[in-house]
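Trainee: This is protein29.tsv (TSV, C-alpha atoms).
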chain	number	residue	atom	x	y	z
A	1	MET	CA	153.62	112.17	90.01
A	2	TYR	CA	154.12	114.32	86.95
A	3	ASP	CA	150.65	113.49	85.62
A	4	LEU	CA	149.11	114.72	88.84
A	5	ALA	CA	151.15	117.90	88.61
A	6	TYR	CA	149.18	118.88	85.50
A	7	ILE	CA	145.79	118.35	87.16
A	8	GLU	CA	146.37	119.68	90.69
A	9	PRO	CA	150.01	120.56	91.41
A	10	ARG	CA	149.64	120.85	95.17
A	11	LEU	CA	148.35	117.30	95.50
A	12	GLY	CA	151.42	116.01	93.68
A	13	GLY	CA	153.74	117.31	96.37
A	14	TYR	CA	154.58	116.37	99.92
A	15	ILE	CA	154.49	117.88	103.41
A	16	TYR	CA	157.48	118.06	105.70
A	17	ARG	CA	158.29	119.58	109.06
A	18	THR	CA	161.10	122.07	109.39
A	19	SER	CA	162.12	124.88	111.75
A	20	ARG	CA	163.30	128.47	111.61
A	21	LYS	CA	164.06	131.58	113.66
A	22	CYS	CA	161.15	133.92	114.16
A	23	GLY	CA	163.14	137.18	114.02
A	24	ARG	CA	161.93	138.75	117.29
A	25	GLN	CA	164.76	140.17	119.41
A	26	THR	CA	163.37	138.90	122.74
A	27	CYS	CA	162.64	135.34	121.63
A	28	LYS	CA	164.71	132.39	122.88
A	29	CYS	CA	165.39	131.29	119.29
A	30	ASN	CA	167.52	134.39	118.81
A	31	SER	CA	170.05	133.49	121.50
A	32	SER	CA	169.99	129.67	121.58
A	33	THR	CA	169.84	126.72	119.18
A	34	TYR	CA	166.05	126.50	119.55
A	35	ARG	CA	164.02	126.97	116.36
A	36	HIS	CA	160.26	127.26	115.85
A	37	PRO	CA	158.82	124.17	114.10
A	38	PHE	CA	156.35	124.53	111.21
A	39	TYR	CA	155.03	122.52	108.28
A	40	ARG	CA	155.66	123.22	104.64
A	41	LEU	CA	154.12	121.86	101.43
A	42	GLU	CA	156.53	121.42	98.52
A	43	TYR	CA	155.34	120.71	94.99
A	44	ARG	CA	156.31	121.27	91.37
A	45	VAL	CA	154.64	123.50	88.81
A	46	ARG	CA	155.24	123.69	85.08
A	47	GLU	CA	156.19	127.28	84.16
A	48	LYS	CA	157.48	128.32	80.74
A	49	GLY	CA	158.32	124.75	79.82
A	50	ARG	CA	160.31	124.02	83.00
A	51	TRP	CA	159.49	122.37	86.33
A	52	VAL	CA	159.74	124.87	89.20
A	53	LYS	CA	159.61	123.96	92.91
A	54	LYS	CA	157.08	125.86	95.01
A	55	ARG	CA	156.79	125.90	98.80
A	56	GLU	CA	153.88	126.95	100.96
A	57	TYR	CA	153.27	127.18	104.69
A	58	VAL	CA	150.69	124.72	106.04
A	59	ALA	CA	148.89	125.34	109.33
A	60	LYS	CA	149.39	122.60	111.92
A	61	ASP	CA	145.67	121.81	112.15
A	62	LYS	CA	145.43	121.27	108.37
A	63	VAL	CA	148.43	118.94	107.98
A	64	LYS	CA	146.61	115.65	108.62
A	65	ALA	CA	143.74	116.40	106.23
A	66	LEU	CA	146.09	117.63	103.50
A	67	ARG	CA	148.30	114.53	103.83
A	68	GLN	CA	145.21	112.34	103.40
A	69	ARG	CA	144.15	114.30	100.29
A	70	ILE	CA	147.65	113.97	98.84
A	71	ARG	CA	147.72	110.22	99.55
A	72	ARG	CA	144.30	109.68	97.91
A	73	ALA	CA	145.18	111.82	94.89
A	74	LYS	CA	148.47	109.99	94.33
A	75	ALA	CA	146.72	106.60	94.62
A	76	LYS	CA	144.08	107.71	92.10
A	77	ASP	CA	146.79	108.96	89.75
A	78	ARG	CA	148.69	105.67	90.08
A	79	ARG	CA	145.52	103.69	89.26
A	80	ARG	CA	144.78	105.90	86.26
A	81	ARG	CA	148.29	105.39	84.88
A	82	GLN	CA	148.02	101.63	85.40
A	83	GLN	CA	144.66	101.55	83.60
A	84	MET	CA	146.09	103.56	80.73
A	85	SER	CA	149.07	101.24	80.33
A	86	LEU	CA	146.83	98.15	80.60
A	87	PHE	CA	144.55	99.53	77.89
A	88	MET	CA	147.51	100.33	75.63
A	89	GLN	CA	148.99	96.86	76.15
A	90	THR	CA	145.65	95.12	75.44
A	91	ALA	CA	145.14	97.23	72.33
A	92	ALA	CA	148.67	96.49	71.12
A	93	ASP	CA	148.09	92.75	71.65
A	94	PHE	CA	144.84	92.99	69.68
A	95	ILE	CA	146.47	94.90	66.82
A	96	ASN	CA	149.36	92.43	66.57
A	97	SER	CA	147.22	89.28	66.87
A	98	ASP	CA	145.96	87.00	64.11
A	99	GLY	CA	143.20	84.39	64.20
A	100	ASP	CA	139.73	83.81	65.57
A	101	ALA	CA	140.28	85.24	69.02
A	102	GLU	CA	139.96	88.78	67.66
A	103	ALA	CA	136.24	89.09	68.41
A	104	ALA	CA	136.71	88.04	72.04
A	105	GLN	CA	139.68	90.37	72.42
A	106	LEU	CA	137.72	93.24	70.89
A	107	LYS	CA	134.81	92.70	73.31
A	108	GLN	CA	137.23	92.60	76.21
A	109	LEU	CA	138.95	95.76	75.01
A	110	LEU	CA	135.68	97.65	74.52
A	111	ALA	CA	134.45	96.54	77.95
A	112	ALA	CA	137.66	97.77	79.54
A	113	LEU	CA	137.37	101.06	77.68
A	114	SER	CA	133.76	101.63	78.77
A	115	GLN	CA	134.43	100.73	82.42
A	116	GLN	CA	137.54	102.84	82.78
A	117	LYS	CA	137.31	106.52	82.20
A	118	LEU	CA	140.66	106.92	80.52
A	119	GLU	CA	141.71	110.52	80.78
A	120	PRO	CA	145.03	111.22	79.12
A	121	VAL	CA	146.57	114.24	80.74
A	122	THR	CA	149.86	114.93	79.07
A	123	LEU	CA	150.36	115.54	75.38
A	124	ARG	CA	152.45	112.37	75.14
A	125	GLN	CA	149.63	110.26	76.62
A	126	ARG	CA	147.09	111.81	74.28
A	127	THR	CA	149.32	111.11	71.28
A	128	GLN	CA	149.84	107.50	72.32
A	129	LEU	CA	146.10	106.99	72.82
A	130	ILE	CA	145.24	108.50	69.43
A	131	LYS	CA	147.86	106.34	67.67
A	132	CYS	CA	146.49	103.28	69.43
A	133	LEU	CA	142.89	104.09	68.43
A	134	VAL	CA	143.92	104.75	64.81
A	135	ASN	CA	145.68	101.39	64.69
A	136	LEU	CA	142.56	99.73	66.08
A	137	ILE	CA	140.40	101.34	63.38
A	138	VAL	CA	142.83	100.25	60.67
A	139	LYS	CA	142.85	96.72	62.07
A	140	LEU	CA	139.04	96.55	62.17
A	141	SER	CA	138.57	98.01	58.70
A	142	SER	CA	140.87	95.48	57.05
What is this structure when it is put down as structure tokens?
Mentor:
Amino acid sequence: MYDLAYIEPRLGGYIYRTSRKCGRQTCKCNSSTYRHPFYRLEYRVREKGRWVKKREYVAKDKVKALRQRIRRAKAKDRRRRQQMSLFMQTAADFINSDGDAEAAQLKQLLAALSQQKLEPVTLRQRTQLIKCLVNLIVKLSS
């Protein structure tokens, strides 16, 4: 979820239904327990080094489409994180291995790298990827 918050913060959030008073003096919500229902989008944004919650009103006719976009974006983010961790694990196995299987592992690793568009988002992910690639270069040069 936090990776998605860097790319598109709104798609990293969620939609929920809540209710409130409207404020008009003649409305039934002013004198009874009735409240007007509405939908709200809640998400997190990184501001000045801290995570801050934001809330926005969502029109009723846009709720279904926005929920689908959020679901697809979260699934894509989950797949990207899985691919990144799989790549890092395969590279670590290659770096730590000895023997004749290195050529086959290297081909497999390069195929995985070319098929998957690994896009590190956070600074931590970028650092891990760079360290991994440096270790691969050192392993191949020796």
Trainee: Please provide the set of residues having any atom within 9 Å of Val58 (chain A), restricted to all atoms listed in the file, with same-chain residues fewer than 5 positions apart removed, written as a short mmCIF file (atom, residue, chain, number, x, y, z; two decimals) with C-alpha atoms, in the frame of the given file.
Mentor:
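As a result, selection.cif now contains:
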data_model
loop_
_atom_site.label_atom_id
_atom_site.label_comp_id
_atom_site.auth_asym_id
_atom_site.auth_seq_id
_atom_site.Cartn_x
_atom_site.Cartn_y
_atom_site.Cartn_z
CA ILE A 15 154.49 117.88 103.41
CA PHE A 38 156.35 124.53 111.21
CA TYR A 39 155.03 122.52 108.28
CA ARG A 40 155.66 123.22 104.64
CA LEU A 41 154.12 121.86 101.43
CA VAL A 63 148.43 118.94 107.98
CA LEU A 66 146.09 117.63 103.50
#
Trainee: What is the CA of Asp61 (chain A)-CA of Lys21 (chain A) distance in Å, reported with one decimal?
Mentor: 20.9 Å
Trainee: One number please: CA of Val52 (chain A) to CA of Arg72 (chain A), in Å, one decimal.
Mentor: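 Computing the Euclidean distance for CA of Val52 (chain A) and CA of Arg72 (chain A) yields 23.3 Å.
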